[in-house]
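As provided, start-v6.txt (compact mmCIF, C-alpha atoms) reads as follows.
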```txt
# COMPACT_ATOMS: atom_id res chain seq x y z
CA MET A 1 10.90 -16.38 -11.77
CA ARG A 2 12.60 -16.51 -15.15
CA ILE A 3 13.23 -12.94 -16.31
CA VAL A 4 14.85 -11.68 -19.52
CA ILE A 5 16.24 -8.13 -19.55
CA VAL A 6 16.99 -6.47 -22.89
CA GLY A 7 19.58 -3.73 -22.39
CA ALA A 8 22.39 -3.56 -19.81
CA GLY A 9 22.74 0.20 -19.48
CA GLU A 10 22.33 2.02 -16.17
CA VAL A 11 18.73 0.80 -15.78
CA GLY A 12 19.13 -2.76 -17.07
CA TYR A 13 22.26 -3.39 -15.01
CA HIS A 14 20.65 -2.09 -11.81
CA VAL A 15 17.47 -4.15 -12.33
CA ALA A 16 19.44 -7.30 -13.19
CA LYS A 17 21.63 -6.90 -10.11
CA SER A 18 18.65 -6.38 -7.77
CA LEU A 19 16.54 -9.21 -9.17
CA SER A 20 19.46 -11.64 -9.27
CA ALA A 21 20.15 -10.89 -5.59
CA GLU A 22 16.52 -11.79 -4.86
CA GLY A 23 17.07 -15.24 -6.33
CA HIS A 24 15.44 -14.87 -9.76
CA ASP A 25 16.79 -16.61 -12.87
CA ILE A 26 18.04 -13.67 -14.97
CA THR A 27 19.19 -13.49 -18.60
CA VAL A 28 20.51 -10.18 -19.95
CA ILE A 29 20.68 -9.37 -23.67
CA GLU A 30 23.16 -6.59 -24.60
CA GLU A 31 24.55 -5.54 -27.98
CA ASP A 32 27.50 -3.50 -26.67
CA GLU A 33 30.46 -5.78 -25.88
CA GLU A 34 31.80 -3.59 -23.05
CA ARG A 35 28.47 -3.57 -21.24
CA ALA A 36 27.94 -7.29 -21.83
CA GLN A 37 31.40 -8.00 -20.42
CA LYS A 38 30.61 -5.93 -17.33
CA VAL A 39 27.48 -8.00 -16.75
CA ASP A 40 29.46 -11.22 -17.25
CA ASN A 41 32.16 -10.18 -14.79
CA GLU A 42 30.05 -8.63 -12.04
CA LEU A 43 26.62 -10.29 -11.97
CA ASP A 44 25.41 -13.84 -11.42
CA VAL A 45 23.31 -13.84 -14.60
CA ILE A 46 23.48 -15.20 -18.15
CA ALA A 47 24.70 -12.59 -20.65
CA ILE A 48 23.83 -12.88 -24.35
CA ARG A 49 25.38 -10.63 -26.99
CA GLY A 50 23.11 -9.26 -29.67
CA ASN A 51 20.19 -7.05 -30.67
CA GLY A 52 17.26 -7.85 -28.39
CA SER A 53 14.68 -7.08 -31.07
CA ARG A 54 15.83 -9.96 -33.30
CA PRO A 55 13.98 -13.29 -32.99
CA SER A 56 17.22 -15.30 -33.27
CA VAL A 57 18.80 -13.43 -30.35
CA LEU A 58 15.67 -13.73 -28.23
CA ALA A 59 15.64 -17.45 -29.03
CA GLU A 60 19.10 -17.73 -27.41
CA ALA A 61 17.43 -16.41 -24.25
CA GLU A 62 14.74 -19.10 -24.73
CA VAL A 63 12.08 -16.58 -25.70
CA VAL A 64 10.39 -18.93 -28.19
CA PRO A 65 6.78 -20.10 -28.67
CA GLY A 66 5.66 -22.03 -25.62
CA CYS A 67 8.52 -20.71 -23.47
CA SER A 68 8.52 -20.62 -19.67
CA VAL A 69 9.83 -17.04 -19.34
CA ASP A 70 7.74 -15.13 -16.80
CA ILE A 71 8.77 -11.53 -17.55
CA LEU A 72 10.64 -9.68 -20.28
CA VAL A 73 11.91 -6.15 -19.56
CA ALA A 74 13.09 -4.07 -22.54
CA CYS A 75 14.96 -0.98 -21.33
CA THR A 76 17.40 0.03 -24.05
CA ASN A 77 17.67 3.63 -25.28
CA ARG A 78 15.93 2.73 -28.55
CA ASP A 79 12.14 2.58 -28.55
CA GLU A 80 11.94 0.41 -31.66
CA VAL A 81 14.12 -2.27 -30.04
CA ASN A 82 12.09 -2.22 -26.82
CA ILE A 83 8.71 -2.37 -28.55
CA MET A 84 9.72 -5.11 -31.00
CA ALA A 85 11.29 -7.23 -28.24
CA CYS A 86 8.09 -6.98 -26.20
CA TRP A 87 5.88 -7.71 -29.23
CA ILE A 88 7.84 -10.88 -30.07
CA ALA A 89 7.99 -11.99 -26.42
CA LYS A 90 4.27 -11.59 -25.86
CA ARG A 91 3.49 -13.69 -28.91
CA ALA A 92 5.94 -16.32 -27.71
CA GLY A 93 3.93 -16.68 -24.51
CA VAL A 94 5.89 -14.54 -22.05
CA LYS A 95 3.41 -13.76 -19.28
CA ARG A 96 4.31 -10.10 -18.70
CA VAL A 97 6.28 -7.65 -20.84
CA ILE A 98 7.53 -4.20 -19.79
CA SER A 99 8.88 -1.59 -22.22
CA ARG A 100 10.73 1.67 -21.85
CA ALA A 101 9.48 4.45 -24.16
CA ARG A 102 11.61 7.54 -24.68
CA GLY A 103 9.23 8.91 -27.30
CA LEU A 104 6.52 10.64 -25.28
CA GLU A 105 3.92 9.99 -27.96
CA TYR A 106 3.95 6.30 -27.05
CA THR A 107 2.61 7.04 -23.57
CA ASP A 108 0.21 9.88 -24.40
CA SER A 109 -2.55 7.25 -24.17
CA PRO A 110 -2.65 3.53 -23.25
CA ASP A 111 -3.71 2.60 -26.78
CA TRP A 112 -0.19 1.95 -28.08
CA ALA A 113 0.71 -0.47 -25.32
CA ARG A 114 -2.69 -2.15 -25.36
CA SER A 115 -2.72 -2.73 -29.11
CA LEU A 116 0.78 -4.25 -29.00
CA GLY A 117 0.03 -6.44 -26.01
CA ILE A 118 2.56 -4.62 -23.82
CA ASP A 119 1.58 -4.80 -20.15
CA VAL A 120 3.56 -1.72 -19.03
CA MET A 121 4.98 1.02 -21.26
CA SER A 122 6.77 3.60 -19.13
CA SER A 123 8.20 6.99 -20.06
CA PRO A 124 10.60 8.09 -17.30
CA GLU A 125 10.92 11.51 -18.98
CA ARG A 126 7.20 12.12 -18.42
CA SER A 127 7.25 11.22 -14.72
CA VAL A 128 10.47 13.18 -14.10
CA ALA A 129 8.99 16.23 -15.85
CA ARG A 130 6.09 16.10 -13.38
CA GLN A 131 8.58 15.79 -10.52
CA ILE A 132 10.48 18.87 -11.73
CA ILE A 133 7.26 20.91 -11.88
CA GLU A 134 6.44 19.93 -8.30
CA LEU A 135 9.94 20.89 -7.14
CA LEU A 136 9.65 24.29 -8.82
CA THR A 137 6.17 24.92 -7.46
CA VAL A 138 7.02 24.03 -3.85
CA SER A 139 10.32 25.87 -3.55
CA SER A 140 11.53 24.48 -0.19
CA ALA A 141 10.79 20.83 -1.10
CA MET A 142 13.98 18.80 -1.59
CA ASP A 143 12.11 15.97 -3.32
CA ALA A 144 8.61 15.66 -4.70
CA ALA A 145 6.41 13.30 -6.68
CA GLU A 146 2.73 12.83 -7.45
CA LEU A 147 0.35 10.34 -5.84
CA PHE A 148 -3.12 9.31 -7.01
CA GLU A 149 -2.67 10.92 -10.43
CA GLY A 150 -1.97 14.35 -8.99
CA VAL A 151 -4.60 14.51 -6.23
CA ALA A 152 -1.91 14.00 -3.60
CA GLY A 153 1.87 13.99 -3.44
CA ILE A 154 4.93 13.12 -1.42
CA TYR A 155 7.31 15.93 -0.47
CA ALA A 156 10.61 16.04 1.42
CA PHE A 157 11.12 18.99 3.78
CA ARG A 158 13.86 19.69 6.32
CA ILE A 159 12.60 20.79 9.75
CA ALA A 160 13.71 24.41 10.25
CA HIS A 161 15.14 25.65 13.56
CA ASP A 162 11.99 27.66 14.35
CA SER A 163 9.41 25.09 13.25
CA PRO A 164 6.59 24.51 15.78
CA LEU A 165 6.85 20.78 15.03
CA ILE A 166 10.18 20.39 16.87
CA GLY A 167 9.71 18.26 19.98
CA VAL A 168 6.26 17.06 18.94
CA SER A 169 5.57 13.32 18.70
CA LEU A 170 3.95 12.04 15.53
CA LYS A 171 0.92 10.74 17.40
CA ASP A 172 0.29 14.26 18.76
CA LEU A 173 0.51 15.96 15.36
CA ARG A 174 -3.02 14.91 14.44
CA PHE A 175 -4.38 16.35 17.69
CA HIS A 176 -2.56 19.67 17.22
CA TYR A 177 -3.41 19.93 13.51
CA PRO A 178 -6.63 17.92 12.94
CA GLN A 179 -7.43 19.83 9.76
CA ILE A 180 -4.26 18.67 7.97
CA THR A 181 -4.51 15.63 5.69
CA ALA A 182 -0.89 14.50 5.85
CA ILE A 183 1.36 11.82 7.32
CA ILE A 184 5.15 11.61 7.75
CA VAL A 185 6.18 8.35 6.08
CA TYR A 186 9.98 8.48 6.44
CA VAL A 187 12.52 10.47 8.45
CA GLN A 188 16.22 10.91 7.65
CA ARG A 189 18.30 11.86 10.69
CA ASN A 190 22.07 12.00 11.30
CA GLY A 191 22.95 9.90 8.28
CA GLY A 192 20.32 7.23 8.98
CA GLY A 193 16.61 6.91 8.45
CA PHE A 194 13.46 5.09 9.52
CA VAL A 195 9.76 4.60 8.82
CA PRO A 196 8.32 6.38 11.87
CA TYR A 197 5.56 5.46 14.29
CA GLY A 198 3.53 7.42 16.82
CA ASP A 199 6.10 7.78 19.61
CA ASN A 200 8.83 9.25 17.39
CA ILE A 201 9.59 12.92 18.16
CA LEU A 202 10.64 15.38 15.44
CA GLU A 203 13.98 17.18 15.72
CA GLU A 204 15.53 20.21 14.06
CA GLY A 205 17.22 19.21 10.80
CA ASP A 206 15.13 16.08 10.24
CA LEU A 207 14.42 15.48 6.56
CA CYS A 208 10.78 14.40 6.55
CA PHE A 209 9.05 12.70 3.62
CA ILE A 210 5.38 13.66 3.88
CA ALA A 211 2.45 12.18 1.97
CA THR A 212 -0.34 14.72 1.71
CA ARG A 213 -3.18 16.08 -0.37
CA LYS A 214 -1.93 18.79 -2.68
CA ASP A 215 -4.33 21.38 -1.31
CA GLN A 216 -2.57 21.03 2.08
CA ILE A 217 1.01 21.47 0.94
CA TRP A 218 1.25 25.25 1.38
CA ARG A 219 0.20 25.11 5.03
CA LEU A 220 2.57 22.21 5.70
CA GLU A 221 5.45 24.08 4.10
CA GLU A 222 4.78 27.09 6.32
CA MET A 223 4.67 24.93 9.47
CA ILE A 224 7.92 23.14 8.64
CA GLN A 225 9.93 25.92 6.98
CA GLY A 226 8.36 29.05 8.44
CA GLU A 227 7.50 30.41 4.98
CA LYS A 228 5.35 29.58 1.98
CA SER A 229 6.39 29.32 -1.66
CA THR A 230 5.75 32.42 -3.74
CA PRO A 231 4.19 32.23 -7.23
CA LEU A 232 6.61 31.45 -10.05
CA HIS A 233 7.58 34.40 -12.26
CA ARG A 234 10.58 33.22 -14.31
CA VAL A 235 12.07 29.77 -15.02
CA ILE A 236 15.15 29.10 -17.18
CA ILE A 237 15.59 25.68 -18.79
CA ILE A 238 18.93 24.55 -20.24
CA GLY A 239 18.59 21.71 -22.74
CA GLY A 240 16.03 21.33 -25.51
CA GLY A 241 15.78 17.54 -25.57
CA LYS A 242 12.69 15.51 -24.75
CA LEU A 243 12.82 16.32 -21.05
CA GLY A 244 13.53 20.04 -21.38
CA TYR A 245 10.77 20.36 -23.96
CA GLN A 246 8.33 18.42 -21.74
CA VAL A 247 9.06 20.66 -18.74
CA ALA A 248 8.53 23.82 -20.82
CA ARG A 249 5.29 22.52 -22.28
CA ARG A 250 3.92 21.56 -18.87
CA LEU A 251 4.89 24.94 -17.40
CA GLU A 252 3.09 26.69 -20.27
CA LYS A 253 -0.10 24.77 -19.57
CA GLN A 254 0.05 25.18 -15.80
CA TYR A 255 1.10 28.85 -15.57
CA LYS A 256 -0.50 31.36 -17.92
CA HIS A 257 1.77 34.32 -17.14
CA LEU A 258 5.06 32.56 -16.38
CA ASP A 259 8.22 33.84 -18.12
CA ILE A 260 9.87 30.67 -19.50
CA ARG A 261 13.23 30.74 -21.27
CA LEU A 262 14.85 27.68 -22.85
CA ILE A 263 18.52 27.61 -23.89
CA ASP A 264 20.11 25.07 -26.23
CA HIS A 265 23.31 25.18 -28.30
CA ASN A 266 21.79 23.41 -31.34
CA ARG A 267 20.22 25.98 -33.70
CA GLU A 268 18.15 23.45 -35.64
CA LYS A 269 16.69 22.07 -32.43
CA CYS A 270 15.96 25.59 -31.18
CA GLU A 271 14.06 26.47 -34.34
CA ARG A 272 11.96 23.32 -34.10
CA ILE A 273 11.17 23.81 -30.41
CA ALA A 274 10.31 27.48 -30.93
CA SER A 275 7.74 26.47 -33.55
CA GLU A 276 6.13 23.92 -31.20
CA LEU A 277 6.04 25.88 -27.93
CA GLU A 278 3.62 28.78 -27.59
CA LYS A 279 4.96 31.09 -24.90
CA THR A 280 8.52 29.92 -24.22
CA LEU A 281 11.37 32.17 -25.40
CA VAL A 282 13.87 29.81 -27.06
CA LEU A 283 17.51 30.97 -27.18
CA CYS A 284 20.43 29.41 -29.04
CA GLY A 285 23.51 29.60 -26.82
CA ASP A 286 25.73 28.09 -24.13
CA GLY A 287 24.01 27.38 -20.83
CA ALA A 288 27.26 28.13 -18.97
CA ASP A 289 27.65 31.59 -20.57
CA GLU A 290 27.52 33.98 -17.62
CA MET A 291 26.70 37.01 -19.76
CA LEU A 292 23.81 35.18 -21.48
CA LEU A 293 22.40 33.97 -18.18
CA ARG A 294 22.58 37.45 -16.66
CA GLN A 295 20.93 38.98 -19.73
CA GLU A 296 18.08 36.49 -19.41
CA GLY A 297 17.48 37.34 -15.76
CA ILE A 298 19.14 34.51 -13.84
CA GLU A 299 19.41 36.72 -10.76
CA GLY A 300 15.65 37.03 -10.49
CA ALA A 301 14.78 33.52 -11.67
CA ASP A 302 12.64 31.35 -9.41
CA GLY A 303 14.17 28.23 -10.92
CA LEU A 304 16.85 26.93 -13.26
CA VAL A 305 16.40 23.44 -14.72
CA ALA A 306 19.45 21.78 -16.32
CA ALA A 307 18.11 19.02 -18.59
CA THR A 308 20.76 18.27 -21.21
CA GLU A 309 21.96 14.73 -22.07
CA SER A 310 25.18 15.26 -20.06
CA ASP A 311 25.13 14.65 -16.30
CA GLU A 312 28.35 16.58 -15.83
CA ALA A 313 27.06 19.60 -17.77
CA ASN A 314 23.79 19.59 -15.84
CA ILE A 315 25.58 19.61 -12.50
CA LEU A 316 27.84 22.44 -13.70
CA PHE A 317 24.85 24.46 -14.98
CA GLY A 318 23.10 23.97 -11.64
CA VAL A 319 26.13 25.15 -9.67
CA VAL A 320 26.63 28.17 -11.96
CA GLY A 321 22.94 29.05 -11.83
CA LYS A 322 22.92 28.95 -8.03
CA ALA A 323 26.06 31.09 -7.84
CA LEU A 324 24.46 33.69 -10.15
CA GLY A 325 21.35 34.02 -8.02
CA ALA A 326 18.72 31.50 -9.13
CA LYS A 327 16.37 30.78 -6.23
CA LYS A 328 16.25 27.03 -6.92
CA THR A 329 18.35 24.87 -9.23
CA ILE A 330 17.43 21.38 -10.45
CA ALA A 331 19.83 19.11 -12.34
CA VAL A 332 18.85 16.01 -14.32
CA VAL A 333 21.37 13.28 -13.46
CA ARG A 334 21.25 9.75 -14.84
CA ARG A 335 24.22 8.11 -13.11
CA GLN A 336 23.54 6.79 -9.65
CA MET A 337 27.05 7.72 -8.51
CA TYR A 338 26.35 11.43 -9.02
CA MET A 339 23.08 11.20 -7.09
CA ARG A 340 25.08 10.30 -3.98
CA LEU A 341 26.95 13.61 -4.21
CA ASP A 342 23.91 15.77 -3.50
CA ASN A 343 25.24 16.81 -0.08
CA TYR A 344 28.50 18.06 -1.60
CA ILE A 345 27.20 20.04 -4.59
CA SER A 346 25.43 23.40 -4.42
CA VAL A 347 22.43 22.19 -6.45
CA ASP A 348 19.06 22.23 -4.69
CA ALA A 349 17.71 19.03 -6.24
CA MET A 350 18.84 16.26 -8.57
CA VAL A 351 16.36 14.06 -10.42
CA ASN A 352 17.09 10.80 -12.21
CA PRO A 353 15.01 9.45 -15.14
CA ASN A 354 16.84 6.12 -14.99
CA GLN A 355 16.03 5.78 -11.31
CA ALA A 356 12.38 6.51 -12.04
CA LEU A 357 12.27 3.79 -14.71
CA ALA A 358 14.10 1.25 -12.54
CA SER A 359 11.60 1.85 -9.73
CA VAL A 360 8.65 1.24 -12.05
CA ILE A 361 10.22 -1.98 -13.36
CA MET A 362 11.10 -3.32 -9.91
CA SER A 363 7.62 -2.53 -8.60
CA ASN A 364 5.94 -4.34 -11.49
CA VAL A 365 8.19 -7.38 -11.10
CA ARG A 366 7.80 -7.66 -7.33
CA TYR A 367 4.18 -6.59 -7.04
CA PRO A 368 2.41 -7.02 -10.41
CA SER A 369 -0.96 -6.08 -8.91
CA GLY A 370 0.38 -2.71 -7.71
CA MET A 371 -0.37 0.65 -9.29
CA GLY A 372 3.15 2.11 -9.27
CA THR A 373 6.05 3.43 -7.21
CA LEU A 374 8.10 6.59 -6.74
CA SER A 375 11.54 7.35 -8.06
CA LEU A 376 12.58 9.29 -4.96
CA LEU A 377 12.26 6.17 -2.80
CA GLU A 378 15.57 4.95 -4.19
CA LYS A 379 17.18 7.60 -2.00
CA ILE A 380 15.80 6.15 1.23
CA ASP A 381 15.60 2.71 2.77
CA ALA A 382 11.89 2.30 2.14
CA GLU A 383 9.43 1.27 -0.55
CA MET A 384 6.07 2.60 -1.58
CA PHE A 385 3.29 0.40 -2.90
CA GLU A 386 -0.07 1.46 -4.32
CA ALA A 387 -2.78 -1.14 -4.78
CA ILE A 388 -6.53 -1.60 -4.87
CA ILE A 389 -7.89 -3.79 -2.08
CA PRO A 390 -9.96 -6.54 -3.72
CA GLU A 391 -13.47 -7.25 -2.49
CA THR A 392 -12.29 -10.72 -1.46
CA SER A 393 -9.40 -9.47 0.70
CA PRO A 394 -9.52 -10.74 4.30
CA VAL A 395 -8.93 -7.18 5.58
CA VAL A 396 -12.21 -5.83 4.15
CA GLY A 397 -14.34 -4.76 7.12
CA LEU A 398 -11.40 -4.57 9.52
CA SER A 399 -10.36 -1.32 11.17
CA MET A 400 -6.77 -0.08 10.92
CA ALA A 401 -6.29 -0.93 14.62
CA GLU A 402 -7.42 -4.51 13.98
CA LEU A 403 -4.91 -5.06 11.15
CA GLY A 404 -2.07 -5.48 13.61
CA LEU A 405 0.58 -4.12 11.25
CA PRO A 406 4.07 -4.18 12.80
CA LYS A 407 6.07 -1.01 13.40
CA GLY A 408 7.74 0.11 10.19
CA ILE A 409 4.63 -0.36 8.04
CA LEU A 410 2.30 2.55 7.32
CA VAL A 411 -0.97 2.76 5.43
CA ALA A 412 -0.34 6.39 4.56
CA LEU A 413 -3.28 7.43 2.40
CA ILE A 414 -6.54 5.93 1.15
CA GLN A 415 -8.46 7.03 -1.91
CA ARG A 416 -12.13 6.05 -1.68
CA GLU A 417 -14.16 7.16 -4.68
CA ASN A 418 -13.22 10.86 -4.98
CA GLU A 419 -11.95 11.34 -1.42
CA VAL A 420 -8.30 11.09 -0.29
CA PHE A 421 -7.62 10.86 3.46
CA VAL A 422 -5.16 9.69 6.10
CA PRO A 423 -6.68 6.68 7.89
CA LYS A 424 -7.18 6.66 11.65
CA GLY A 425 -7.23 3.70 14.02
CA GLU A 426 -10.98 3.34 13.65
CA THR A 427 -10.97 3.66 9.83
CA THR A 428 -12.51 0.52 8.29
CA LEU A 429 -11.06 -0.77 5.03
CA GLN A 430 -13.42 -1.37 2.15
CA GLY A 431 -13.17 -3.27 -1.10
CA ASN A 432 -11.86 -1.14 -4.00
CA ASP A 433 -10.03 1.24 -1.64
CA LEU A 434 -6.83 2.47 -3.30
CA VAL A 435 -4.20 2.39 -0.56
CA THR A 436 -0.65 3.71 -0.38
CA LEU A 437 1.72 1.65 1.75
CA PHE A 438 5.14 2.67 3.04
CA ALA A 439 7.52 0.15 4.60
CA SER A 440 11.12 -0.90 4.75
CA SER A 441 12.28 -3.21 1.97
CA GLU A 442 12.22 -6.14 4.40
CA LEU A 443 8.71 -5.48 5.68
CA MET A 444 6.95 -4.57 2.43
CA PRO A 445 6.25 -8.21 1.39
CA ILE A 446 4.62 -8.75 4.79
CA ALA A 447 2.44 -5.66 4.35
CA VAL A 448 1.39 -6.68 0.83
CA GLU A 449 0.48 -10.21 1.95
CA LYS A 450 -1.37 -8.86 4.99
CA LEU A 451 -3.65 -6.73 2.81
CA GLY A 452 -4.24 -9.56 0.37
CA VAL A 453 -3.40 -7.43 -2.67
CA LYS A 454 -0.44 -9.27 -4.24
```
Give the structure from the file, written as structure tokens.
Amino acid sequence: MRIVIVGAGEVGYHVAKSLSAEGHDITVIEEDEERAQKVDNELDVIAIRGNGSRPSVLAEAEVVPGCSVDILVACTNRDEVNIMACWIAKRAGVKRVISRARGLEYTDSPDWARSLGIDVMSSPERSVARQIIELLTVSSAMDAAELFEGVAGIYAFRIAHDSPLIGVSLKDLRFHYPQITAIIVYVQRNGGGFVPYGDNILEEGDLCFIATRKDQIWRLEEMIQGEKSTPLHRVIIIGGGKLGYQVARRLEKQYKHLDIRLIDHNREKCERIASELEKTLVLCGDGADEMLLRQEGIEGADGLVAATESDEANILFGVVGKALGAKKTIAVVRRQMYMRLDNYISVDAMVNPNQALASVIMSNVRYPSGMGTLSLLEKIDAEMFEAIIPETSPVVGLSMAELGLPKGILVALIQRENEVFVPKGETTLQGNDLVTLFASSELMPIAVEKLGVK
């Protein structure tokens, strides 16, 4: 495919590198000379200097009326550039356009994207805010994300030394716990990982990624960790930007009696946020000030969320918060390099808005009929794919056992009307089923083709 990428920051560079390696014809538009030079030197793509929202610059990338460009991805840090680039590209005949939106108002409803002809408008801040809420709510989860618009989720738990699941094969789990709607979709063990199948046996220390209905998560947590999460009482947020504000607002809506405190060093920003939030106590100060953190109850806090624009500051705030007694610390980190340091830093979880956006873009390029993907899957050697099985699919009427899917491919969950369940061997697929697939990167195209949903 011919793909034009506007913006060569962390997201644009990663997407260009991945898609170029897959054999696509890639053109990258970047205004910053240093970034453009990096693309020129390191990637097998065409690099064009300039503002991607200008018709003359887009014309250099052959985005002109009647063009043969298949996809345009606009992922700069400026919403107006992204939206204008997509608007021009769509009117030039580009088949599919994808835009990043940092302003949350653009994704409050699909009307903005629809009226502008934008096929996908994604706000990574919104999806990461949801991920942070899940991580706070389920305290022992090391990763978390929503599935099926919040009906289900995927959670990463480490098998504790006294867990009753140790030594149990995956095929026997359903017999021992028939009432649990859950499936282990990936296991990390001893530095490696795999998409499991029935004969695999769980071991102490395994990091298990589990897809489950949300109403089952507390029982699962108790089985794996030996304890359940307690209700949230106090959460401290450092950083009053879009993400910090979004987390505070969501916590206010979800928890009526939660003590929420937000710290930012910018007084003007604090005054504005305080006027917009209803129950959050907004404080102007330094998030690394030990005396301030102690005064605001860091020792009894259920969670500390570091959500400033600086990766380094967020990691530092997370480390300090943990040292001062916060039960769980979460740092927002945008550079992929820092994400690989999670085993060496005393922060409970790190989340990456750029990673979330890159996952959405890659999913829409590879599988345009899919419903979405998960940011956390970048951390493991597997992909997730959500799609609706069309009425005309050859698998309609076949049971799971008859599909003949190879090892390493899982149909994890099915949503049928208002019901979400883990399929069994005798489960028959129906048209309009919303299915969630998990597979290795190599096997996912096979799974998608097998189900007839691409």
Here atom CA of Met1 of chain A and atom CA of Ser440 of chain A stand apart by 22.6 Å
Of the listed residues A:Leu405, A:Leu451, A:Val360, A:Ile414, that which approaches Ser393 of chain A most closely, counting all atoms listed in the file
A:Leu451
Tell me which of A:Glu252, A:Glu391, A:Glu146, A:Asp381 sits closest to Glu276 of chain A, counting all atoms listed in the file.
A:Glu252
Quick one: of A:Glu60, A:Glu419, A:Glu312, A:Asp302, who's nearest to Ala326 of chain A, counting only C-alpha atoms?
A:Asp302
Between atom CA of Asn77 of chain A and atom CA of Val63 of chain A, what is the distance in Å, rounded to a tenth?
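For atom CA of Asn77 of chain A relative to atom CA of Val63 of chain A, the distance reads 21.0 Å.
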Given the choices A:Glu204, A:Asp199, A:Glu296, A:Glu149, which gets closest to Ile237 of chain A if the distance is worked out from all atoms listed in the file?
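Among A:Glu204, A:Asp199, A:Glu296, A:Glu149, it is A:Glu296 that comes nearest to Ile237 of chain A.
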What does the structure give for the distance between atom CA of Asp25 of chain A and atom CA of Pro124 of chain A, in Å to one decimal?
25.8 Å
In the coordinate frame of the file, compute which residues have an atom within 12 Å of (20.7, 40.1, -12.6) when using all atoms listed in the file, and state them as a ChimeraX atom specification.
/A:290-301,321,323-326
Residues at most 8 Å from Ala129 of chain A, counting only C-alpha atoms, excluding those fewer than 5 positions away in the same chain, as a ChimeraX atom specification?
/A:243,246-247,250
Selection near Pro423 of chain A, 9 Å with all atoms listed in the file, sequence-local residues under 5 positions removed, as a ChimeraX atom specification:
/A:400,411-414,428
Would you save the residues from that selection as a PDB file, in the frame of the given file, using C-alpha atoms?
```pdb
ATOM      1  CA  MET A 400      -6.770  -0.080  10.920  1.00  0.00           C
ATOM      2  CA  VAL A 411      -0.970   2.760   5.430  1.00  0.00           C
ATOM      3  CA  ALA A 412      -0.340   6.390   4.560  1.00  0.00           C
ATOM      4  CA  LEU A 413      -3.280   7.430   2.400  1.00  0.00           C
ATOM      5  CA  ILE A 414      -6.540   5.930   1.150  1.00  0.00           C
ATOM      6  CA  THR A 428     -12.510   0.520   8.290  1.00  0.00           C
TER       7      THR A 428
END
```
